[in-house]
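**Q** Just one file: run.csv, with CSV, C-alpha atoms.
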```csv
chain,number,residue,atom,x,y,z
A,1,MET,CA,2.2,-82.0,36.0
A,2,PRO,CA,3.1,-79.0,38.2
A,3,VAL,CA,4.8,-79.6,41.5
A,4,THR,CA,2.8,-78.4,44.5
A,5,THR,CA,4.5,-75.7,46.5
A,6,THR,CA,5.7,-76.5,50.0
A,7,ARG,CA,6.6,-73.0,51.0
A,8,PRO,CA,5.0,-72.3,54.5
A,9,ASN,CA,2.2,-69.8,54.5
A,10,PRO,CA,3.3,-67.9,51.4
A,11,SER,CA,0.3,-65.5,51.6
A,12,ALA,CA,1.3,-64.5,55.1
A,13,GLN,CA,4.7,-63.3,53.9
A,14,PRO,CA,5.5,-60.2,51.8
A,15,PRO,CA,6.5,-61.3,48.2
A,16,PHE,CA,10.2,-61.7,47.8
A,17,ASP,CA,11.7,-60.4,44.6
A,18,LEU,CA,13.7,-63.4,43.6
A,19,ALA,CA,14.2,-62.3,40.0
A,20,GLY,CA,15.7,-59.1,41.3
A,21,PHE,CA,17.8,-60.8,43.9
A,22,LEU,CA,19.2,-63.3,41.3
A,23,ALA,CA,19.9,-60.6,38.8
A,24,THR,CA,21.8,-58.3,41.1
A,25,ARG,CA,23.7,-61.1,42.8
A,26,THR,CA,24.7,-62.6,39.5
A,27,GLU,CA,26.0,-59.2,38.4
A,28,THR,CA,28.0,-58.7,41.6
A,29,VAL,CA,29.3,-62.3,41.6
A,30,ASN,CA,30.4,-61.9,38.0
A,31,ARG,CA,32.2,-58.7,38.8
A,32,ALA,CA,34.0,-60.2,41.7
A,33,LEU,CA,35.0,-63.3,39.7
A,34,ASP,CA,36.4,-61.1,37.0
A,35,ARG,CA,38.4,-59.2,39.5
A,36,LEU,CA,39.6,-62.3,41.4
A,37,LEU,CA,40.7,-64.4,38.4
A,38,PRO,CA,43.9,-63.8,36.3
A,39,PRO,CA,43.0,-61.7,33.2
A,40,PRO,CA,42.6,-63.5,29.9
A,41,THR,CA,45.8,-61.7,28.7
A,42,ALA,CA,47.9,-63.3,31.4
A,43,LYS,CA,50.4,-65.9,30.2
A,44,PRO,CA,49.7,-68.6,29.3
A,45,THR,CA,46.7,-67.0,27.7
A,46,THR,CA,45.2,-70.3,26.6
A,47,ILE,CA,44.5,-71.6,30.2
A,48,HIS,CA,43.1,-68.3,31.4
A,49,ARG,CA,40.8,-68.0,28.4
A,50,ALA,CA,39.7,-71.6,29.0
A,51,MET,CA,39.0,-71.0,32.7
A,52,ARG,CA,36.9,-67.9,31.9
A,53,TYR,CA,35.1,-69.5,28.9
A,54,SER,CA,33.3,-71.9,31.3
A,55,LEU,CA,33.2,-69.7,34.3
A,56,PHE,CA,31.3,-67.0,32.4
A,57,ALA,CA,29.2,-69.2,30.3
A,58,ARG,CA,25.8,-67.8,31.4
A,59,GLY,CA,25.7,-69.8,34.6
A,60,LYS,CA,22.7,-69.2,37.0
A,61,ARG,CA,25.1,-68.7,40.0
A,62,MET,CA,22.8,-70.7,42.2
A,63,ARG,CA,25.5,-71.7,44.7
A,64,PRO,CA,26.8,-68.2,45.1
A,65,ALA,CA,23.2,-67.0,45.5
A,66,LEU,CA,22.6,-69.6,48.2
A,67,CYS,CA,25.8,-68.6,50.0
A,68,LEU,CA,24.9,-64.9,50.0
A,69,ALA,CA,21.3,-65.6,51.0
A,70,ALA,CA,22.5,-67.7,54.0
A,71,ALA,CA,24.8,-64.9,55.1
A,72,ALA,CA,21.8,-62.5,55.0
A,73,ALA,CA,19.7,-64.9,57.0
A,74,CYS,CA,22.3,-64.8,59.7
A,75,GLY,CA,22.7,-61.1,59.7
A,76,GLY,CA,26.0,-61.0,57.8
A,77,LYS,CA,27.5,-58.6,55.3
A,78,GLU,CA,27.5,-59.5,51.7
A,79,PRO,CA,31.0,-58.3,51.0
A,80,ASP,CA,32.3,-60.7,53.7
A,81,ALA,CA,30.5,-63.7,52.0
A,82,MET,CA,31.4,-62.8,48.4
A,83,PRO,CA,34.9,-64.5,48.3
A,84,LEU,CA,33.3,-67.7,49.6
A,85,ALA,CA,30.5,-67.4,47.1
A,86,CYS,CA,33.1,-67.0,44.3
A,87,ALA,CA,35.1,-69.9,45.6
A,88,VAL,CA,32.2,-72.4,45.5
A,89,GLU,CA,31.4,-71.2,42.0
A,90,CYS,CA,34.9,-71.9,40.8
A,91,ILE,CA,34.7,-75.5,42.3
A,92,HIS,CA,31.3,-76.0,40.7
A,93,THR,CA,32.6,-74.9,37.3
A,94,TYR,CA,35.7,-77.1,37.6
A,95,SER,CA,33.4,-80.1,38.3
A,96,LEU,CA,31.3,-79.3,35.2
A,97,ILE,CA,34.4,-79.1,32.9
A,98,HIS,CA,35.6,-82.4,34.1
A,99,ASP,CA,32.1,-84.0,34.1
A,100,ASP,CA,31.7,-83.2,30.4
A,101,LEU,CA,35.0,-84.8,29.3
A,102,PRO,CA,34.9,-87.9,27.0
A,103,ALA,CA,36.2,-90.0,29.9
A,104,MET,CA,33.3,-88.9,32.1
A,105,ASP,CA,29.9,-88.0,30.6
A,106,ASN,CA,31.2,-87.1,27.2
A,107,ASP,CA,29.0,-84.1,26.6
A,108,ASP,CA,29.3,-81.6,23.7
A,109,TYR,CA,27.1,-78.8,25.2
A,110,ARG,CA,26.9,-77.0,28.5
A,111,ARG,CA,24.7,-73.9,29.2
A,112,GLY,CA,23.9,-73.7,25.4
A,113,LYS,CA,27.6,-73.5,24.4
A,114,LEU,CA,30.2,-76.0,23.3
A,115,THR,CA,31.8,-77.7,26.3
A,116,ASN,CA,35.3,-76.7,27.2
A,117,HIS,CA,37.1,-79.7,25.7
A,118,LYS,CA,35.3,-79.1,22.4
A,119,VAL,CA,36.7,-75.6,22.2
A,120,PHE,CA,40.2,-75.9,23.8
A,121,GLY,CA,40.9,-79.7,23.6
A,122,GLU,CA,40.9,-82.3,26.3
A,123,GLY,CA,44.3,-81.5,27.8
A,124,VAL,CA,43.6,-77.8,28.3
A,125,ALA,CA,40.1,-78.6,29.6
A,126,VAL,CA,41.5,-80.9,32.3
A,127,LEU,CA,44.0,-78.2,33.3
A,128,ALA,CA,41.3,-75.5,33.2
A,129,GLY,CA,39.3,-77.5,35.7
A,130,ASP,CA,42.4,-78.1,37.8
A,131,ALA,CA,43.2,-74.4,37.8
A,132,LEU,CA,39.7,-73.4,38.8
A,133,LEU,CA,39.8,-75.8,41.7
A,134,THR,CA,43.0,-74.4,43.0
A,135,GLN,CA,41.8,-70.8,42.3
A,136,ALA,CA,38.9,-71.5,44.7
A,137,PHE,CA,41.3,-72.1,47.6
A,138,GLU,CA,43.3,-69.1,46.7
A,139,ILE,CA,40.2,-66.9,46.8
A,140,ALA,CA,39.0,-68.5,50.0
A,141,ALA,CA,42.4,-68.0,51.7
A,142,GLY,CA,41.9,-64.2,51.1
A,143,CYS,CA,38.7,-64.0,53.0
A,144,LYS,CA,38.2,-62.6,56.5
A,145,SER,CA,38.5,-64.8,59.6
A,146,TRP,CA,35.7,-65.0,62.1
A,147,PRO,CA,35.7,-65.7,65.9
A,148,ARG,CA,33.9,-69.0,65.5
A,149,TYR,CA,35.3,-69.8,62.0
A,150,PRO,CA,39.0,-69.2,61.5
A,151,HIS,CA,40.7,-69.6,58.1
A,152,GLN,CA,41.6,-73.2,58.9
A,153,GLN,CA,37.9,-74.2,59.2
A,154,ILE,CA,36.9,-72.3,56.0
A,155,ILE,CA,39.5,-74.1,54.0
A,156,LEU,CA,38.7,-77.4,55.6
A,157,GLU,CA,35.0,-76.9,54.7
A,158,LEU,CA,35.8,-76.4,51.0
A,159,ALA,CA,38.3,-79.3,51.0
A,160,ARG,CA,35.9,-81.8,52.5
A,161,ALA,CA,33.0,-80.9,50.2
A,162,SER,CA,35.1,-81.2,47.1
A,163,GLY,CA,37.3,-84.2,48.1
A,164,SER,CA,37.3,-87.9,47.7
A,165,LEU,CA,34.6,-88.5,50.4
A,166,GLN,CA,32.1,-86.1,48.9
A,167,LEU,CA,32.1,-84.4,45.4
A,168,ILE,CA,34.6,-86.8,43.9
A,169,ALA,CA,33.1,-89.8,45.6
A,170,GLY,CA,29.8,-89.0,44.0
A,171,GLN,CA,31.4,-88.8,40.5
A,172,VAL,CA,33.3,-92.1,41.0
A,173,ALA,CA,30.1,-93.8,42.2
A,174,ASP,CA,28.2,-92.3,39.2
A,175,LEU,CA,30.8,-93.7,36.8
A,176,GLU,CA,30.9,-97.1,38.4
A,177,GLY,CA,27.0,-97.2,38.4
A,178,GLU,CA,26.7,-96.8,34.6
A,179,GLY,CA,24.9,-99.8,33.1
A,180,LYS,CA,24.1,-101.3,36.5
A,181,LYS,CA,20.7,-101.6,38.3
A,182,LEU,CA,21.2,-99.4,41.3
A,183,SER,CA,18.9,-99.3,44.4
A,184,ALA,CA,17.3,-96.1,45.5
A,185,ALA,CA,19.8,-96.0,48.4
A,186,GLU,CA,22.8,-96.3,46.1
A,187,LEU,CA,21.4,-93.5,43.9
A,188,LYS,CA,20.9,-91.3,47.0
A,189,TYR,CA,24.5,-91.9,47.9
A,190,ILE,CA,25.6,-90.5,44.5
A,191,HIS,CA,23.3,-87.5,44.7
A,192,GLU,CA,24.3,-86.7,48.3
A,193,ARG,CA,27.9,-86.4,47.2
A,194,LYS,CA,27.8,-85.3,43.6
A,195,THR,CA,25.3,-82.5,44.1
A,196,SER,CA,24.1,-82.0,47.7
A,197,ALA,CA,27.6,-81.7,49.2
A,198,LEU,CA,28.6,-78.5,47.4
A,199,LEU,CA,25.2,-76.9,47.8
A,200,CYS,CA,25.3,-77.6,51.5
A,201,CYS,CA,28.8,-76.2,51.6
A,202,SER,CA,27.6,-73.1,49.9
A,203,VAL,CA,25.0,-72.2,52.6
A,204,ARG,CA,27.3,-73.3,55.5
A,205,LEU,CA,30.0,-71.0,54.2
A,206,GLY,CA,27.5,-68.2,53.9
A,207,GLY,CA,26.5,-68.7,57.5
A,208,MET,CA,30.2,-68.9,58.6
A,209,SER,CA,30.9,-65.6,56.9
A,210,ALA,CA,28.3,-64.1,59.3
A,211,ASN,CA,29.8,-65.8,62.3
A,212,CYS,CA,26.6,-67.7,62.7
A,213,SER,CA,25.7,-69.6,65.9
A,214,PRO,CA,26.0,-73.4,66.1
A,215,ALA,CA,22.2,-73.6,65.9
A,216,GLN,CA,22.1,-71.5,62.8
A,217,LEU,CA,24.8,-73.6,61.2
A,218,LYS,CA,22.9,-76.8,61.9
A,219,ALA,CA,19.8,-75.3,60.4
A,220,LEU,CA,21.7,-74.3,57.3
A,221,THR,CA,23.3,-77.7,57.0
A,222,ASP,CA,19.9,-79.4,57.1
A,223,PHE,CA,18.5,-76.9,54.6
A,224,GLY,CA,21.4,-77.3,52.2
A,225,TYR,CA,21.4,-81.1,52.4
A,226,HIS,CA,17.7,-81.4,51.5
A,227,VAL,CA,17.7,-78.6,48.9
A,228,GLY,CA,20.7,-80.3,47.3
A,229,LEU,CA,19.0,-83.7,47.1
A,230,ALA,CA,15.8,-82.0,45.7
A,231,PHE,CA,17.9,-80.2,43.1
A,232,GLN,CA,19.3,-83.4,41.8
A,233,VAL,CA,16.0,-85.2,41.7
A,234,ILE,CA,14.6,-82.3,39.7
A,235,ASP,CA,17.7,-82.5,37.4
A,236,ASP,CA,16.9,-86.2,36.8
A,237,ILE,CA,13.3,-85.3,35.9
A,238,LEU,CA,14.3,-82.6,33.5
A,239,ASP,CA,16.7,-84.9,31.8
A,240,VAL,CA,13.8,-87.0,30.6
A,241,THR,CA,11.1,-84.3,30.2
A,242,GLN,CA,12.9,-81.3,28.5
A,243,THR,CA,14.6,-80.7,25.2
A,244,SER,CA,18.3,-80.0,24.8
A,245,GLU,CA,17.5,-76.5,23.6
A,246,LYS,CA,15.6,-75.8,26.8
A,247,LEU,CA,18.2,-77.3,29.1
A,248,GLY,CA,21.3,-75.8,27.3
A,249,LYS,CA,22.9,-79.3,27.5
A,250,THR,CA,22.2,-82.7,26.0
A,251,ALA,CA,18.8,-84.0,27.1
A,252,GLY,CA,18.3,-87.8,27.7
A,253,LYS,CA,22.0,-88.4,28.2
A,254,ASP,CA,21.5,-90.2,31.5
A,255,THR,CA,19.2,-92.7,29.7
A,256,LYS,CA,21.6,-93.1,26.8
A,257,ALA,CA,24.5,-93.7,29.3
A,258,GLN,CA,22.4,-96.3,31.2
A,259,LYS,CA,22.6,-94.2,34.4
A,260,ALA,CA,20.3,-94.8,37.2
A,261,THR,CA,18.0,-91.8,37.9
A,262,TYR,CA,15.0,-91.3,40.2
A,263,PRO,CA,12.5,-91.5,37.3
A,264,SER,CA,14.1,-94.7,36.1
A,265,ILE,CA,13.9,-96.3,39.6
A,266,VAL,CA,10.7,-94.9,41.1
A,267,GLY,CA,8.9,-93.2,38.2
A,268,LEU,CA,8.2,-89.6,37.3
A,269,GLU,CA,5.3,-88.9,39.6
A,270,ARG,CA,7.0,-90.4,42.7
A,271,SER,CA,10.2,-88.5,41.8
A,272,ARG,CA,8.2,-85.2,41.8
A,273,THR,CA,6.7,-86.2,45.2
A,274,ILE,CA,10.2,-86.9,46.6
A,275,ALA,CA,11.5,-83.6,45.4
A,276,ALA,CA,8.6,-81.7,47.1
A,277,GLN,CA,9.0,-83.6,50.3
A,278,LEU,CA,12.7,-82.8,50.4
A,279,THR,CA,12.0,-79.2,49.8
A,280,GLY,CA,9.4,-79.2,52.6
A,281,ARG,CA,12.1,-80.5,55.0
A,282,ALA,CA,14.4,-77.7,53.8
A,283,PHE,CA,11.7,-75.1,54.6
A,284,LYS,CA,11.3,-76.7,58.0
A,285,ALA,CA,15.0,-76.3,58.8
A,286,LEU,CA,14.7,-72.5,58.3
A,287,LYS,CA,12.2,-72.0,61.2
A,288,VAL,CA,15.1,-71.1,63.5
A,289,PHE,CA,15.6,-67.9,61.5
A,290,ARG,CA,12.1,-66.6,62.4
A,291,GLY,CA,11.2,-65.2,59.0
A,292,ASN,CA,14.6,-63.7,58.2
A,293,ALA,CA,15.4,-66.3,55.5
A,294,ALA,CA,13.1,-65.2,52.8
A,295,ALA,CA,15.8,-65.4,50.1
A,296,LEU,CA,16.6,-69.0,51.0
A,297,GLU,CA,12.9,-70.0,51.0
A,298,ALA,CA,12.4,-68.3,47.6
A,299,LEU,CA,15.5,-70.0,46.2
A,300,ALA,CA,14.3,-73.4,47.5
A,301,GLU,CA,10.9,-73.0,45.9
A,302,TYR,CA,12.5,-71.8,42.6
A,303,LEU,CA,14.8,-74.8,42.4
A,304,LEU,CA,11.8,-77.1,43.0
A,305,LYS,CA,9.8,-75.6,40.2
A,306,ARG,CA,12.5,-74.8,37.7
A,307,ASP,CA,12.1,-76.1,34.2
A,308,ARG,CA,15.8,-76.1,33.1
```
If you convert what's in this file into structure tokens, what do you get?

**A**
Amino acid sequence: MPVTTTRPNPSAQPPFDLAGFLATRTETVNRALDRLLPPPTAKPTTIHRAMRYSLFARGKRMRPALCLAAAAACGGKEPDAMPLACAVECIHTYSLIHDDLPAMDNDDYRRGKLTNHKVFGEGVAVLAGDALLTQAFEIAAGCKSWPRYPHQQIILELARASGSLQLIAGQVADLEGEGKKLSAAELKYIHERKTSALLCCSVRLGGMSANCSPAQLKALTDFGYHVGLAFQVIDDILDVTQTSEKLGKTAGKDTKAQKATYPSIVGLERSRTIAAQLTGRAFKALKVFRGNAAALEALAEYLLKRDR
């Protein structure tokens, strides 16, 4: 069943070339990441090949795209936001490497390729994740400083989103919830931290790179929070409705691991309704930008309707 769009007055707005936006930004982000990471020939070569194996494994670069789109909405310059876009992608990739480990979700495929630990072994996979996490802070430390957002605040933003109260908290709660009957509130806690926190951080950093106003930062925070939750609800839906070939990762693994998901708690149709409602709230948060957030709106709609 298709999800009804929640984008406000789409006919009144000029069409936004999302495919073109994603293609060009993916290319520029990949070039920047290639430049910012140690080359695969740097010793020890194994760790640098492992880092790059997962980082350049055909990722959609959604978090960097959101970061760059948020910067544009606030009138910023893309080169100023690029280091922060790359930093969040490094953190995201580190989390995926660790998430796939046998001690975590024990997955053999990610983005249509063998997972890092299946290629390089568990020890190197752990270290590759660790290295990408620390690389993110090295990259972020090299960004500009802005009047409202000095380096200290940029680093703090990344640290909080990826720390034990947010991203890691969500992973711990996810592990501890396996095989248990969780409430919708408990599942929301996991999704807020495991997924929404870094998506929200991405758009906030984009705004900071444009020296955004407090009102703009609040709007981006509201947008990122609701888009992040909607993203994970759709992920839960796709896990039970799509094939492994379509997803590029093992389908049905949440059910097999006895993990609570929105479909398992409230059903598929209610889950789709919740995702659409969350996306509607994300659109509402963008009103402060007075039509200058077309890329963010298009990304939110794309994430709601994606099929993988």

**Q** Identify, on the basis of all atoms listed in the file, every residue whose closest approach to region 45-57 of chain A does not exceed 7 Å; exclude the query and any residue fewer than 6 positions from it along the same chain; express the result as number ranges by chain.

**A** A: 38-39, 93, 111, 116, 120, 124, 128, 132

**Q** Name the residues in contact with region 171-181 of chain A at a cut-off of 7 Å, using only C-alpha atoms, excluding same-chain residues fewer than 2 positions from it; report them as a list of chain:residue names.

**A**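 So the residues in contact are A:Leu167, A:Ile168, A:Ala169, A:Ser183, A:Ile190, A:Lys194, A:Ala257, A:Gln258, A:Lys259, A:Ala260.
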
**Q** I'd like the interatomic distance between CA of Leu199 (chain A) and CA of Val233 (chain A), to a tenth of an Å.

**A** 13.8 Å

**Q** Report as a PyMOL selection string all protein, DNA and RNA residues lying within 10 Å of Ala300 (chain A), evaluated on all atoms listed in the file, omitting residues in the same chain fewer than 5 positions from it.

**A** chain A and resi 6-7+66+223-224+226-228+230-231+278-280+282-283+294-295+305

**Q** What is the CA of Lys287 (chain A)-CA of Leu158 (chain A) distance in Å, reported with one decimal?

**A** 26.1 Å
